[in-house]
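Shown next: input-v1.cif, containing mmCIF, C-alpha atoms.
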```cif
data_upload
#
loop_
_atom_site.label_atom_id
_atom_site.label_comp_id
_atom_site.auth_asym_id
_atom_site.auth_seq_id
_atom_site.Cartn_x
_atom_site.Cartn_y
_atom_site.Cartn_z
CA MET A 1349 53.88 99.61 27.68
CA MET A 1350 55.95 96.81 26.09
CA ASP A 1351 54.92 96.12 22.46
CA PHE A 1352 54.25 92.65 21.02
CA SER A 1353 57.58 92.40 19.15
CA SER A 1354 59.61 93.00 22.32
CA VAL A 1355 57.60 90.34 24.18
CA VAL A 1356 58.31 87.82 21.39
CA GLU A 1357 62.00 88.76 21.44
CA THR A 1358 62.17 88.23 25.24
CA VAL A 1359 60.45 84.83 25.04
CA CYS A 1360 62.73 83.71 22.20
CA SER A 1361 65.85 84.73 24.12
CA ASP A 1362 64.62 82.72 27.13
CA LEU A 1363 64.09 79.69 24.91
CA LYS A 1364 67.59 79.98 23.47
CA SER A 1365 69.23 80.23 26.91
CA PRO A 1366 70.89 77.01 28.09
CA ALA A 1367 68.80 74.74 30.33
CA PRO A 1368 70.00 74.34 33.93
CA GLU A 1369 72.19 71.35 34.66
CA ARG A 1370 70.06 68.47 36.01
CA THR A 1371 72.92 66.29 37.26
CA GLY A 1372 76.01 66.85 39.35
CA THR A 1373 78.34 65.11 41.78
CA LEU A 1374 78.65 64.99 45.55
CA VAL A 1375 81.84 66.60 46.80
CA ARG A 1376 81.51 66.70 50.60
CA VAL A 1377 79.42 65.61 53.59
CA VAL A 1378 79.49 67.89 56.64
CA GLY A 1379 77.27 66.79 59.51
CA MET A 1380 73.71 66.65 58.17
CA THR A 1381 74.56 68.66 55.04
CA LEU A 1382 75.59 67.30 51.65
CA GLU A 1383 77.52 69.52 49.21
CA ALA A 1384 77.11 69.00 45.47
CA ARG A 1385 78.81 70.64 42.49
CA GLY A 1386 77.91 70.82 38.81
CA ILE A 1387 74.13 71.00 39.29
CA LEU A 1388 71.84 74.03 39.24
CA ALA A 1389 68.71 73.88 41.39
CA PRO A 1390 66.68 76.45 43.35
CA VAL A 1391 66.20 76.33 47.12
CA GLY A 1392 63.35 73.98 48.03
CA SER A 1393 63.82 71.66 45.06
CA LEU A 1394 64.25 67.89 45.39
CA CYS A 1395 67.29 65.90 44.29
CA ARG A 1396 68.08 62.18 44.24
CA ILE A 1397 71.52 60.88 45.27
CA GLU A 1398 72.76 57.46 44.16
CA THR A 1399 74.88 55.45 46.61
CA THR A 1400 77.68 52.96 45.92
CA ASN A 1401 75.42 49.94 46.54
CA HIS A 1402 73.10 51.00 43.69
CA GLU A 1403 70.51 52.45 46.04
CA SER A 1404 69.28 56.05 46.24
CA PHE A 1405 67.78 58.55 48.66
CA ASP A 1406 66.17 61.96 48.25
CA ALA A 1407 67.33 65.29 49.62
CA GLU A 1408 66.11 68.89 49.61
CA VAL A 1409 68.14 71.90 48.54
CA VAL A 1410 68.44 74.14 51.62
CA GLY A 1411 71.06 76.65 50.41
CA PHE A 1412 73.95 77.34 48.06
CA HIS A 1413 77.28 79.15 47.91
CA ASN A 1414 78.67 80.10 44.48
CA ASP A 1415 78.47 76.85 42.48
CA ILE A 1416 78.01 74.54 45.49
CA LEU A 1417 74.55 73.33 46.52
CA TYR A 1418 73.74 72.47 50.15
CA LEU A 1419 71.35 69.53 50.45
CA MET A 1420 69.77 67.89 53.46
CA PRO A 1421 68.69 64.23 53.08
CA PHE A 1422 65.28 62.82 54.06
CA THR A 1423 66.90 59.63 55.40
CA ASP A 1424 70.24 58.52 56.76
CA PRO A 1425 72.83 59.01 53.94
CA SER A 1426 74.65 55.77 54.66
CA GLY A 1427 76.50 54.31 51.67
CA VAL A 1428 77.17 57.68 50.05
CA SER A 1429 80.67 58.36 48.76
CA PRO A 1430 82.60 61.21 47.06
CA GLY A 1431 81.57 61.64 43.44
CA ALA A 1432 78.11 60.17 43.95
CA ARG A 1433 75.67 61.21 41.23
CA VAL A 1434 73.14 63.90 42.16
CA ARG A 1435 70.07 64.30 39.94
CA LEU A 1436 67.37 67.00 40.02
CA ILE A 1437 63.90 65.41 40.18
CA SER A 1438 61.71 68.43 41.00
CA ALA A 1439 62.55 72.12 40.78
CA THR A 1440 59.47 73.26 42.73
CA ALA A 1441 58.28 72.61 46.29
CA LYS A 1442 54.76 71.34 45.61
CA ALA A 1443 52.42 68.78 47.14
CA ALA A 1444 49.27 66.96 46.06
CA VAL A 1445 46.00 67.66 47.88
CA GLY A 1446 42.51 66.28 47.38
CA ASN A 1447 39.26 65.06 48.91
CA ALA A 1448 40.56 61.48 49.00
CA GLN A 1449 42.95 62.43 51.82
CA LEU A 1450 40.06 62.64 54.28
CA GLY A 1451 40.37 59.98 56.98
CA ARG A 1452 43.97 59.20 56.03
CA ILE A 1453 47.32 59.31 57.84
CA LEU A 1454 50.14 60.73 55.70
CA ASP A 1455 53.81 61.59 56.09
CA GLY A 1456 55.58 64.84 55.19
CA LEU A 1457 55.73 63.87 51.50
CA GLY A 1458 52.03 63.03 51.34
CA GLN A 1459 52.67 59.27 51.28
CA PRO A 1460 50.36 56.99 53.32
CA LEU A 1461 51.37 55.72 56.76
CA ASP A 1462 48.19 53.69 57.33
CA GLY A 1463 49.07 50.83 54.95
CA LYS A 1464 46.43 51.84 52.40
CA PRO A 1465 47.05 52.89 48.77
CA ALA A 1466 48.14 56.44 48.10
CA PRO A 1467 45.11 58.79 47.97
CA ALA A 1468 44.14 60.29 44.64
CA SER A 1469 45.01 63.97 44.26
CA ASP A 1470 42.84 66.77 42.88
CA LYS A 1471 45.42 69.56 42.75
CA LEU A 1472 49.16 70.13 42.88
CA LEU A 1473 49.84 73.27 44.94
CA GLY A 1474 52.92 75.06 46.23
CA LEU A 1475 53.88 74.22 49.81
CA GLN A 1476 54.39 77.91 50.67
CA GLY A 1477 50.71 78.72 50.06
CA LEU A 1478 49.27 82.01 48.83
CA ILE A 1479 49.34 85.27 50.79
CA ILE A 1480 45.88 86.74 51.44
CA ASN A 1481 45.45 90.49 51.36
CA PRO A 1482 44.57 91.46 54.95
CA MET A 1483 41.82 93.78 53.67
CA GLU A 1484 40.16 90.81 51.94
CA ARG A 1485 40.01 88.61 55.03
CA GLY A 1486 36.69 88.12 56.76
CA SER A 1487 36.23 88.98 60.42
CA ILE A 1488 36.02 86.61 63.39
CA ASP A 1489 32.37 87.00 64.33
CA SER A 1490 31.04 83.58 65.37
CA PRO A 1491 32.05 81.58 68.48
CA LEU A 1492 33.53 78.09 68.21
CA ASP A 1493 32.30 75.36 70.54
CA VAL A 1494 35.33 73.28 71.62
CA GLY A 1495 33.50 71.16 74.22
CA VAL A 1496 35.68 72.31 77.15
CA LYS A 1497 33.94 74.35 79.88
CA THR A 1498 36.83 76.56 80.84
CA ILE A 1499 37.54 77.58 77.25
CA ASN A 1500 33.90 77.92 76.13
CA GLY A 1501 32.92 80.02 79.14
CA LEU A 1502 36.03 81.99 80.11
CA LEU A 1503 38.27 81.98 77.01
CA THR A 1504 35.72 81.87 74.20
CA LEU A 1505 37.29 81.12 70.82
CA GLY A 1506 35.98 82.18 67.42
CA ARG A 1507 36.01 80.56 63.99
CA GLY A 1508 39.24 81.62 62.31
CA GLN A 1509 41.11 82.44 65.53
CA ARG A 1510 44.73 81.39 66.07
CA VAL A 1511 45.48 80.31 69.64
CA GLY A 1512 48.46 78.78 71.41
CA LEU A 1513 48.34 75.92 73.93
CA MET A 1514 51.43 76.63 76.05
CA ALA A 1515 52.92 74.52 78.81
CA GLY A 1516 55.91 72.53 79.97
CA SER A 1517 56.24 68.82 79.35
CA GLY A 1518 53.86 66.38 81.02
CA VAL A 1519 51.06 68.75 82.10
CA GLY A 1520 48.29 67.51 79.79
CA LYS A 1521 48.71 69.39 76.49
CA SER A 1522 48.08 66.34 74.31
CA VAL A 1523 45.03 65.25 76.33
CA LEU A 1524 43.45 68.71 76.11
CA LEU A 1525 44.29 68.81 72.40
CA GLY A 1526 42.59 65.45 71.94
CA MET A 1527 39.46 66.66 73.74
CA MET A 1528 39.26 69.70 71.49
CA THR A 1529 39.81 67.47 68.44
CA LYS A 1530 36.88 65.21 69.31
CA TYR A 1531 34.46 67.82 70.62
CA THR A 1532 35.03 70.86 68.40
CA ASP A 1533 32.23 71.66 65.98
CA ALA A 1534 34.25 71.81 62.72
CA ASP A 1535 33.69 70.44 59.21
CA ILE A 1536 37.27 69.18 58.73
CA VAL A 1537 40.08 68.58 61.23
CA VAL A 1538 43.70 68.70 60.01
CA ILE A 1539 46.23 67.41 62.55
CA GLY A 1540 49.97 67.96 62.23
CA LEU A 1541 51.97 65.76 64.62
CA ILE A 1542 55.44 67.25 64.23
CA GLY A 1543 58.52 65.98 66.05
CA GLU A 1544 56.59 63.85 68.54
CA ARG A 1545 57.60 60.38 69.73
CA GLY A 1546 56.44 57.59 67.43
CA ARG A 1547 54.58 55.93 70.30
CA GLU A 1548 52.60 59.13 70.95
CA VAL A 1549 51.64 59.42 67.27
CA LYS A 1550 49.99 55.97 67.31
CA GLU A 1551 48.37 56.54 70.73
CA PHE A 1552 46.92 59.88 69.64
CA ILE A 1553 45.36 58.36 66.51
CA THR A 1554 44.07 55.09 67.99
CA GLU A 1555 43.06 56.16 71.52
CA THR A 1556 42.60 59.93 71.61
CA LEU A 1557 41.23 60.49 68.11
CA GLY A 1558 39.56 57.12 67.56
CA PRO A 1559 37.83 55.80 64.42
CA GLU A 1560 34.95 58.29 64.71
CA GLY A 1561 37.26 61.29 64.98
CA LEU A 1562 39.47 60.04 62.14
CA GLU A 1563 36.52 60.02 59.71
CA LYS A 1564 36.54 63.82 59.43
CA SER A 1565 40.28 64.25 60.00
CA ILE A 1566 43.49 64.29 57.98
CA VAL A 1567 46.63 63.45 59.96
CA ILE A 1568 50.10 64.56 58.81
CA ALA A 1569 52.73 62.88 60.99
CA SER A 1570 56.50 63.35 61.08
CA PRO A 1571 58.04 61.82 64.24
CA ALA A 1572 61.19 63.04 65.98
CA ASN A 1573 63.43 60.43 64.33
CA GLU A 1574 62.85 61.86 60.85
CA SER A 1575 64.96 64.45 59.06
CA PRO A 1576 64.34 68.13 59.97
CA VAL A 1577 63.45 68.89 56.34
CA LEU A 1578 60.74 66.22 56.46
CA ARG A 1579 59.38 67.66 59.71
CA LEU A 1580 59.27 71.10 58.12
CA ARG A 1581 57.60 69.78 54.96
CA ALA A 1582 54.99 68.01 57.10
CA THR A 1583 54.18 71.32 58.79
CA MET A 1584 53.86 73.07 55.43
CA LEU A 1585 51.69 70.22 54.10
CA ALA A 1586 49.34 70.41 57.10
CA HIS A 1587 48.80 74.13 56.45
CA LEU A 1588 48.38 73.53 52.71
CA VAL A 1589 45.73 70.84 53.27
CA ALA A 1590 43.87 73.17 55.66
CA GLU A 1591 44.00 75.98 53.07
CA TYR A 1592 42.65 73.62 50.39
CA TRP A 1593 39.56 72.79 52.47
CA ARG A 1594 39.10 76.40 53.61
CA ASP A 1595 38.99 77.55 49.99
CA GLN A 1596 36.09 75.12 49.48
CA GLY A 1597 34.13 77.07 52.10
CA LYS A 1598 34.71 74.61 54.96
CA ASN A 1599 35.29 75.52 58.61
CA VAL A 1600 38.61 73.81 59.32
CA LEU A 1601 40.24 73.08 62.68
CA LEU A 1602 44.03 72.94 62.32
CA LEU A 1603 45.99 71.39 65.19
CA VAL A 1604 49.80 71.50 65.17
CA ASP A 1605 51.64 69.61 67.92
CA SER A 1606 54.07 71.12 68.44
CA MET A 1607 55.25 74.49 67.19
CA THR A 1608 58.39 74.18 69.29
CA ARG A 1609 59.44 71.05 67.36
CA VAL A 1610 58.92 73.00 64.13
CA ALA A 1611 61.27 75.67 65.47
CA HIS A 1612 63.79 72.96 66.40
CA ALA A 1613 63.66 71.57 62.84
CA GLN A 1614 64.29 75.00 61.33
CA ARG A 1615 67.09 75.56 63.85
CA GLU A 1616 68.82 72.35 62.73
CA ILE A 1617 68.57 73.39 59.09
CA GLY A 1618 69.68 76.98 59.71
CA LEU A 1619 72.71 76.03 61.78
CA ALA A 1620 73.70 73.34 59.27
CA VAL A 1621 73.92 75.88 56.43
CA GLY A 1622 75.85 78.42 58.51
CA GLU A 1623 73.25 80.77 59.99
CA PRO A 1624 74.45 82.54 63.15
CA PRO A 1625 72.76 81.43 66.39
CA THR A 1626 70.95 84.18 68.27
CA SER A 1627 68.55 83.82 71.22
CA LYS A 1628 68.90 80.34 72.84
CA GLY A 1629 70.74 79.10 69.76
CA TYR A 1630 67.86 79.83 67.36
CA PRO A 1631 68.95 81.39 64.04
CA PRO A 1632 67.04 84.36 62.55
CA SER A 1633 65.17 82.14 60.07
CA VAL A 1634 63.19 80.58 62.96
CA PHE A 1635 61.73 83.95 63.97
CA ALA A 1636 60.82 84.65 60.33
CA LEU A 1637 59.21 81.22 59.80
CA LEU A 1638 56.80 81.06 62.76
CA PRO A 1639 54.77 84.25 62.08
CA LYS A 1640 54.61 83.30 58.39
CA LEU A 1641 53.12 79.91 59.28
CA ILE A 1642 50.61 81.40 61.72
CA GLU A 1643 49.42 83.96 59.16
CA ARG A 1644 48.46 81.16 56.76
CA SER A 1645 45.55 80.24 59.04
CA GLY A 1646 42.55 82.42 59.88
CA VAL A 1647 39.39 83.49 58.06
CA GLY A 1648 39.49 83.20 54.27
CA ARG A 1649 38.78 85.83 51.64
CA HIS A 1650 35.54 87.73 52.37
CA GLY A 1651 34.64 85.23 55.08
CA HIS A 1652 34.70 82.28 52.65
CA GLY A 1653 35.71 79.40 54.92
CA SER A 1654 38.01 79.59 57.94
CA ILE A 1655 40.96 77.87 59.58
CA THR A 1656 40.82 77.87 63.37
CA ALA A 1657 44.37 77.00 64.39
CA ILE A 1658 45.53 75.62 67.73
CA TYR A 1659 49.31 75.39 68.13
CA THR A 1660 50.91 73.68 71.11
CA VAL A 1661 54.08 75.39 72.35
CA LEU A 1662 56.47 73.68 74.75
CA ALA A 1663 57.80 75.88 77.54
CA GLU A 1664 61.23 74.39 78.04
CA GLY A 1665 61.96 74.20 81.76
CA ASP A 1666 58.53 75.84 82.38
CA ASP A 1667 60.09 79.10 81.21
CA ARG A 1668 57.29 81.38 80.01
CA SER A 1669 59.82 83.88 78.65
CA ASP A 1670 61.21 81.30 76.21
CA PRO A 1671 61.86 83.01 72.82
CA ILE A 1672 59.54 80.61 70.96
CA ILE A 1673 56.73 81.35 73.42
CA ASP A 1674 57.37 85.08 73.01
CA ILE A 1675 57.26 85.08 69.20
CA THR A 1676 54.17 82.85 69.01
CA ARG A 1677 52.32 84.77 71.74
CA ALA A 1678 52.93 88.00 69.82
CA SER A 1679 51.63 86.48 66.57
CA LEU A 1680 48.57 84.62 67.89
CA ASP A 1681 45.06 85.82 68.81
CA GLY A 1682 45.27 84.39 72.31
CA GLN A 1683 46.82 81.67 74.43
CA VAL A 1684 45.81 78.98 76.91
CA MET A 1685 48.50 78.49 79.54
CA LEU A 1686 48.71 75.24 81.49
CA SER A 1687 50.02 75.10 85.05
CA ARG A 1688 52.36 72.42 86.39
CA GLU A 1689 51.18 73.24 89.92
CA LEU A 1690 47.59 72.33 89.00
CA ALA A 1691 48.71 69.24 87.08
CA ASP A 1692 50.76 68.03 90.06
CA ALA A 1693 47.59 68.30 92.16
CA ALA A 1694 45.72 66.09 89.61
CA PHE A 1695 43.62 69.09 88.55
CA TYR A 1696 42.69 68.60 84.87
CA PRO A 1697 42.55 70.34 82.52
CA ALA A 1698 45.32 72.30 84.24
CA ILE A 1699 44.37 75.65 82.66
CA ASP A 1700 46.01 78.64 84.35
CA LEU A 1701 43.61 81.59 84.04
CA THR A 1702 46.24 84.09 85.16
CA GLY A 1703 48.19 83.72 81.91
CA SER A 1704 45.41 82.77 79.50
CA VAL A 1705 43.48 85.16 77.26
CA SER A 1706 41.29 85.19 74.16
CA ARG A 1707 41.80 88.49 72.35
CA VAL A 1708 38.55 88.25 70.37
CA MET A 1709 36.19 87.12 73.16
CA ASN A 1710 34.63 90.57 73.58
CA GLN A 1711 33.55 90.42 69.90
CA LEU A 1712 31.87 87.03 70.29
CA VAL A 1713 29.84 87.09 73.52
CA SER A 1714 27.19 89.33 75.04
CA PRO A 1715 28.17 92.02 77.59
CA GLU A 1716 26.43 90.03 80.36
CA GLN A 1717 28.38 86.88 79.54
CA LEU A 1718 31.64 88.82 79.36
CA LYS A 1719 30.88 90.38 82.75
CA ARG A 1720 30.26 86.96 84.35
CA ALA A 1721 33.44 85.52 82.82
CA ASN A 1722 35.53 88.45 84.06
CA HIS A 1723 34.01 88.15 87.55
CA PHE A 1724 34.88 84.44 87.62
CA ARG A 1725 38.45 85.16 86.53
CA ARG A 1726 38.72 87.89 89.17
CA LEU A 1727 37.62 85.54 91.97
CA TRP A 1728 39.92 82.75 90.79
CA THR A 1729 42.96 85.01 90.47
CA LEU A 1730 42.32 86.81 93.77
CA TYR A 1731 42.29 83.50 95.63
CA GLN A 1732 45.48 82.35 93.89
CA GLN A 1733 47.25 85.59 94.84
CA ASN A 1734 46.32 85.23 98.53
CA LYS A 1735 46.42 81.43 98.83
CA ASP A 1736 49.43 81.38 101.16
CA LEU A 1737 47.84 83.85 103.59
CA ILE A 1738 44.58 81.90 103.58
CA GLN A 1739 46.19 78.53 104.16
CA VAL A 1740 48.30 79.67 107.15
CA GLY A 1741 45.32 81.48 108.69
CA ALA A 1742 46.82 84.96 108.36
CA TYR A 1743 43.82 86.36 106.49
CA GLU A 1744 41.02 87.78 108.64
CA GLN A 1745 37.55 87.34 107.18
CA GLY A 1746 35.78 90.61 106.38
CA THR A 1747 38.94 92.47 105.39
CA ASN A 1748 38.19 92.17 101.67
CA PRO A 1749 34.58 91.39 100.64
CA GLU A 1750 35.63 90.23 97.18
CA LEU A 1751 38.23 87.86 98.63
CA ASP A 1752 35.60 86.58 101.07
CA GLU A 1753 33.42 85.72 98.09
CA ALA A 1754 36.35 83.98 96.40
CA ILE A 1755 36.97 81.86 99.52
CA GLN A 1756 33.30 81.02 99.88
CA LYS A 1757 32.87 80.01 96.25
CA ARG A 1758 36.21 78.24 95.87
CA PRO A 1759 34.69 74.71 95.70
CA GLN A 1760 32.24 75.85 92.99
CA LEU A 1761 35.03 77.56 91.03
CA GLU A 1762 37.15 74.40 91.13
CA ALA A 1763 34.21 72.22 90.11
CA PHE A 1764 33.64 74.41 87.04
CA MET A 1765 37.31 74.30 86.06
CA ARG A 1766 37.55 70.50 86.34
CA GLN A 1767 36.44 68.30 83.46
CA ASP A 1768 36.95 64.62 82.74
CA GLU A 1769 38.45 63.61 79.41
CA SER A 1770 35.26 61.77 78.41
CA GLU A 1771 32.93 64.70 79.21
CA ARG A 1772 31.70 67.22 76.66
CA PHE A 1773 30.13 70.57 77.54
CA ASP A 1774 28.57 72.52 74.70
CA THR A 1775 28.04 76.29 74.78
CA GLU A 1776 24.59 76.12 76.40
CA SER A 1777 25.54 73.73 79.19
CA THR A 1778 28.69 75.77 79.82
CA GLN A 1779 26.67 78.97 80.27
CA ASN A 1780 24.26 77.23 82.64
CA ALA A 1781 27.17 75.98 84.73
CA LEU A 1782 28.81 79.43 84.74
CA ASN A 1783 25.57 81.12 85.80
CA GLY A 1784 25.30 78.70 88.70
CA VAL A 1785 28.71 79.85 89.99
CA VAL A 1786 28.61 83.62 89.51
#
```
Render the structure in this file as structure tokens.
Amino acid sequence: MMDFSSVVETVCSDLKSPAPERTGTLVRVVGMTLEARGILAPVGSLCRIETTNHESFDAEVVGFHNDILYLMPFTDPSGVSPGARVRLISATAKAAVGNAQLGRILDGLGQPLDGKPAPASDKLLGLQGLIINPMERGSIDSPLDVGVKTINGLLTLGRGQRVGLMAGSGVGKSVLLGMMTKYTDADIVVIGLIGERGREVKEFITETLGPEGLEKSIVIASPANESPVLRLRATMLAHLVAEYWRDQGKNVLLLVDSMTRVAHAQREIGLAVGEPPTSKGYPPSVFALLPKLIERSGVGRHGHGSITAIYTVLAEGDDRSDPIIDITRASLDGQVMLSRELADAAFYPAIDLTGSVSRVMNQLVSPEQLKRANHFRRLWTLYQQNKDLIQVGAYEQGTNPELDEAIQKRPQLEAFMRQDESERFDTESTQNALNGVV
């Protein structure tokens, strides 16, 4: 064990060591990356660059090589010139959180977007969060009512579960996400709108969420026109805010739309600092980031609070083998797949049961309910597999009794799967509807 004199000697030597340089100069601009020399700063720290017209903008340190720092600006670096002064303003990646953020709309730096004064903060915490020992986590043992029949009855979710909402563009992901936002029984809702169009951000808040939904929500928005480092910081901030409320014993619903845009932001940063592209142009840092983000949600220590996380994932070109879908599907506790075929037929929500699963459903429902749900899924899938034969009249009734039942009950199955955006079905009404079908 180290004695007291050696500890004092170590502390004194640290105090005598020279302080890191807090200023430097800009030497080069390459694409989205700024290179600075003469300044020492760790990765993740914030710097301020002064332009020739006596203005300034902030940038984040994203890498270094020998004595050169790589920075990525939060805004367009117009007006910057060689030799511009670079000053370190924060050596740690931290953000303010607090109860005053409830009902507010913030950007990736925690600044208000709703025109109101900046909310008061209670704590200053690291954006990376704290790792929870897996043996200290509580178990997922109580179902979560999301107000959607198909999910409540056939894909039952639990408090603290992480689930993906996966689909191509334009098949109703945002609408289904809005329904779950309004109808889910949660104490606090944290919404991260990452990389979406600015128009969609306002529409989601004013029309889908509404004033009533905003009262118990905190929205972190970073549209597609913002810097990739800001989009990434907004994602980190959304998880940090959810962790803050979870540690107060609250049941939090975390919605991130979309995880694919988060991967795109990390891809831009990784390629800018020289990472090699791998699958579909994504650098290795993307596949390290996504599981780390997902693991930040879930049940808290010893069941103290929970974060139920729903991540939307965009299937580019409706490709379900997309690398981002693969890595998120492997890290999540289930997924809800949406079908373009159903959406094109104006069938909403366009949930595709053949690719959807909740990996904790058998822990949350009774054996009788699980049996009914599996029988429903079997009838739905059996009809889908033989739809072409049925429609051309090639199937002869009586050949398969189970398929006969699926054909007979098809209208009832479709009626159960359909739900209007303004309708809410709680757990009890969902079970009554399911019992009426099977």
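Picked by the PyMOL selection byres ((chain A and resi 1459-1469) around 8) from the coordinates shown: Ala1444, Val1445, Gly1446, Asn1447, Ala1448, Gln1449, Arg1452, Ile1453, Leu1454, Asp1455, Gly1456, Leu1457, Gly1458, Asp1470, Lys1471 and Leu1472 of chain A.
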Excluding Leu1505 (chain A) and any residue of its chain fewer than 5 positions from it, enumerate the residues within 9 Å of it, using all atoms listed in the file, and give them as a PDB file with C-alpha atoms, in the coordinates of the input.
```
ATOM      1  CA  SER A1490      31.040  83.580  65.370  1.00  0.00           C
ATOM      2  CA  PRO A1491      32.050  81.580  68.480  1.00  0.00           C
ATOM      3  CA  LEU A1492      33.530  78.090  68.210  1.00  0.00           C
ATOM      4  CA  ASP A1493      32.300  75.360  70.540  1.00  0.00           C
ATOM      5  CA  VAL A1494      35.330  73.280  71.620  1.00  0.00           C
ATOM      6  CA  ILE A1499      37.540  77.580  77.250  1.00  0.00           C
ATOM      7  CA  ASN A1500      33.900  77.920  76.130  1.00  0.00           C
ATOM      8  CA  ARG A1510      44.730  81.390  66.070  1.00  0.00           C
ATOM      9  CA  VAL A1511      45.480  80.310  69.640  1.00  0.00           C
ATOM     10  CA  THR A1656      40.820  77.870  63.370  1.00  0.00           C
ATOM     11  CA  GLY A1682      45.270  84.390  72.310  1.00  0.00           C
ATOM     12  CA  SER A1706      41.290  85.190  74.160  1.00  0.00           C
ATOM     13  CA  ARG A1707      41.800  88.490  72.350  1.00  0.00           C
ATOM     14  CA  VAL A1708      38.550  88.250  70.370  1.00  0.00           C
ATOM     15  CA  MET A1709      36.190  87.120  73.160  1.00  0.00           C
ATOM     16  CA  LEU A1712      31.870  87.030  70.290  1.00  0.00           C
TER      17      LEU A1712
END
```
List the neighbours of region 1513-1523 of chain A out to 7 Å using all atoms listed in the file; skip same-chain residues closer than 5 positions along the sequence, and give me the result as a ChimeraX atom specification.
/A:1658-1666,1683-1688,1691,1697
Using all atoms listed in the file and a cutoff of 12 Å, can you tell me which residues are near (47.6, 70.8, 60.7) in the file's coordinates, and write them out as a PyMOL selection string?
chain A and resi 1453-1454+1456+1529+1536-1542+1565-1570+1580-1593+1600-1607+1641-1642+1644-1645+1655-1660
Keeping C-alpha atoms for every residue in the selection just given, could you write it to a file as a short mmCIF file (atom, residue, chain, number, x, y, z; two decimals), in the coordinates of the input?
```cif
data_model
loop_
_atom_site.label_atom_id
_atom_site.label_comp_id
_atom_site.auth_asym_id
_atom_site.auth_seq_id
_atom_site.Cartn_x
_atom_site.Cartn_y
_atom_site.Cartn_z
CA ILE A 1453 47.32 59.31 57.84
CA LEU A 1454 50.14 60.73 55.70
CA GLY A 1456 55.58 64.84 55.19
CA THR A 1529 39.81 67.47 68.44
CA ILE A 1536 37.27 69.18 58.73
CA VAL A 1537 40.08 68.58 61.23
CA VAL A 1538 43.70 68.70 60.01
CA ILE A 1539 46.23 67.41 62.55
CA GLY A 1540 49.97 67.96 62.23
CA LEU A 1541 51.97 65.76 64.62
CA ILE A 1542 55.44 67.25 64.23
CA SER A 1565 40.28 64.25 60.00
CA ILE A 1566 43.49 64.29 57.98
CA VAL A 1567 46.63 63.45 59.96
CA ILE A 1568 50.10 64.56 58.81
CA ALA A 1569 52.73 62.88 60.99
CA SER A 1570 56.50 63.35 61.08
CA LEU A 1580 59.27 71.10 58.12
CA ARG A 1581 57.60 69.78 54.96
CA ALA A 1582 54.99 68.01 57.10
CA THR A 1583 54.18 71.32 58.79
CA MET A 1584 53.86 73.07 55.43
CA LEU A 1585 51.69 70.22 54.10
CA ALA A 1586 49.34 70.41 57.10
CA HIS A 1587 48.80 74.13 56.45
CA LEU A 1588 48.38 73.53 52.71
CA VAL A 1589 45.73 70.84 53.27
CA ALA A 1590 43.87 73.17 55.66
CA GLU A 1591 44.00 75.98 53.07
CA TYR A 1592 42.65 73.62 50.39
CA TRP A 1593 39.56 72.79 52.47
CA VAL A 1600 38.61 73.81 59.32
CA LEU A 1601 40.24 73.08 62.68
CA LEU A 1602 44.03 72.94 62.32
CA LEU A 1603 45.99 71.39 65.19
CA VAL A 1604 49.80 71.50 65.17
CA ASP A 1605 51.64 69.61 67.92
CA SER A 1606 54.07 71.12 68.44
CA MET A 1607 55.25 74.49 67.19
CA LEU A 1641 53.12 79.91 59.28
CA ILE A 1642 50.61 81.40 61.72
CA ARG A 1644 48.46 81.16 56.76
CA SER A 1645 45.55 80.24 59.04
CA ILE A 1655 40.96 77.87 59.58
CA THR A 1656 40.82 77.87 63.37
CA ALA A 1657 44.37 77.00 64.39
CA ILE A 1658 45.53 75.62 67.73
CA TYR A 1659 49.31 75.39 68.13
CA THR A 1660 50.91 73.68 71.11
#
```
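Distances here use all atoms listed in the file; by that measure, the residue among A:Ser1575, A:Thr1532, A:Asn1401, A:Ser1714 closest to Pro1421 (chain A) is A:Ser1575.
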Quick one: everything within 9 Å of Ser1487 (chain A), counting all atoms listed in the file, minus sequence neighbours fewer than 6 positions away in the same chain. Send it as a PyMOL selection string.
chain A and resi 1508+1647+1650-1651
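Between CA of Asn1414 (chain A) and CA of Lys1640 (chain A) the interatomic distance comes to 28.0 Å.
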Can you turn the PyMOL selection byres ((chain A and resi 1442) around 6) into a concrete residue list for this file, as a PyMOL selection string?
chain A and resi 1440-1441+1443+1473-1475
How would you write, as a ChimeraX atom specification, the residues chosen by the PyMOL selection byres ((chain A and resi 1774-1779) around 12) on this structure?
/A:1491-1505,1528,1531-1533,1713-1714,1716-1718,1720-1721,1764-1765,1767,1771-1773,1780-1786
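Straight-line separation from CA of Asp1415 (chain A) to CA of Gly1386 (chain A): 7.1 Å.
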Which residues are near region 1667-1672 of chain A? Cut-off 7 Å, all atoms listed in the file, ignore same chain within fewer than 4 positions. Put them as an mmCIF file with C-alpha atoms, in the frame of the given file.
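Result written to result28.cif:
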```cif
data_model
loop_
_atom_site.group_PDB
_atom_site.id
_atom_site.type_symbol
_atom_site.label_atom_id
_atom_site.label_comp_id
_atom_site.auth_asym_id
_atom_site.auth_seq_id
_atom_site.Cartn_x
_atom_site.Cartn_y
_atom_site.Cartn_z
ATOM 1 C CA THR A 1608 58.390 74.180 69.290
ATOM 2 C CA SER A 1627 68.550 83.820 71.220
ATOM 3 C CA ALA A 1663 57.800 75.880 77.540
ATOM 4 C CA THR A 1676 54.170 82.850 69.010
#
```
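CA of Ala1534 (chain A) sits 8.3 Å away from CA of Lys1598 (chain A).
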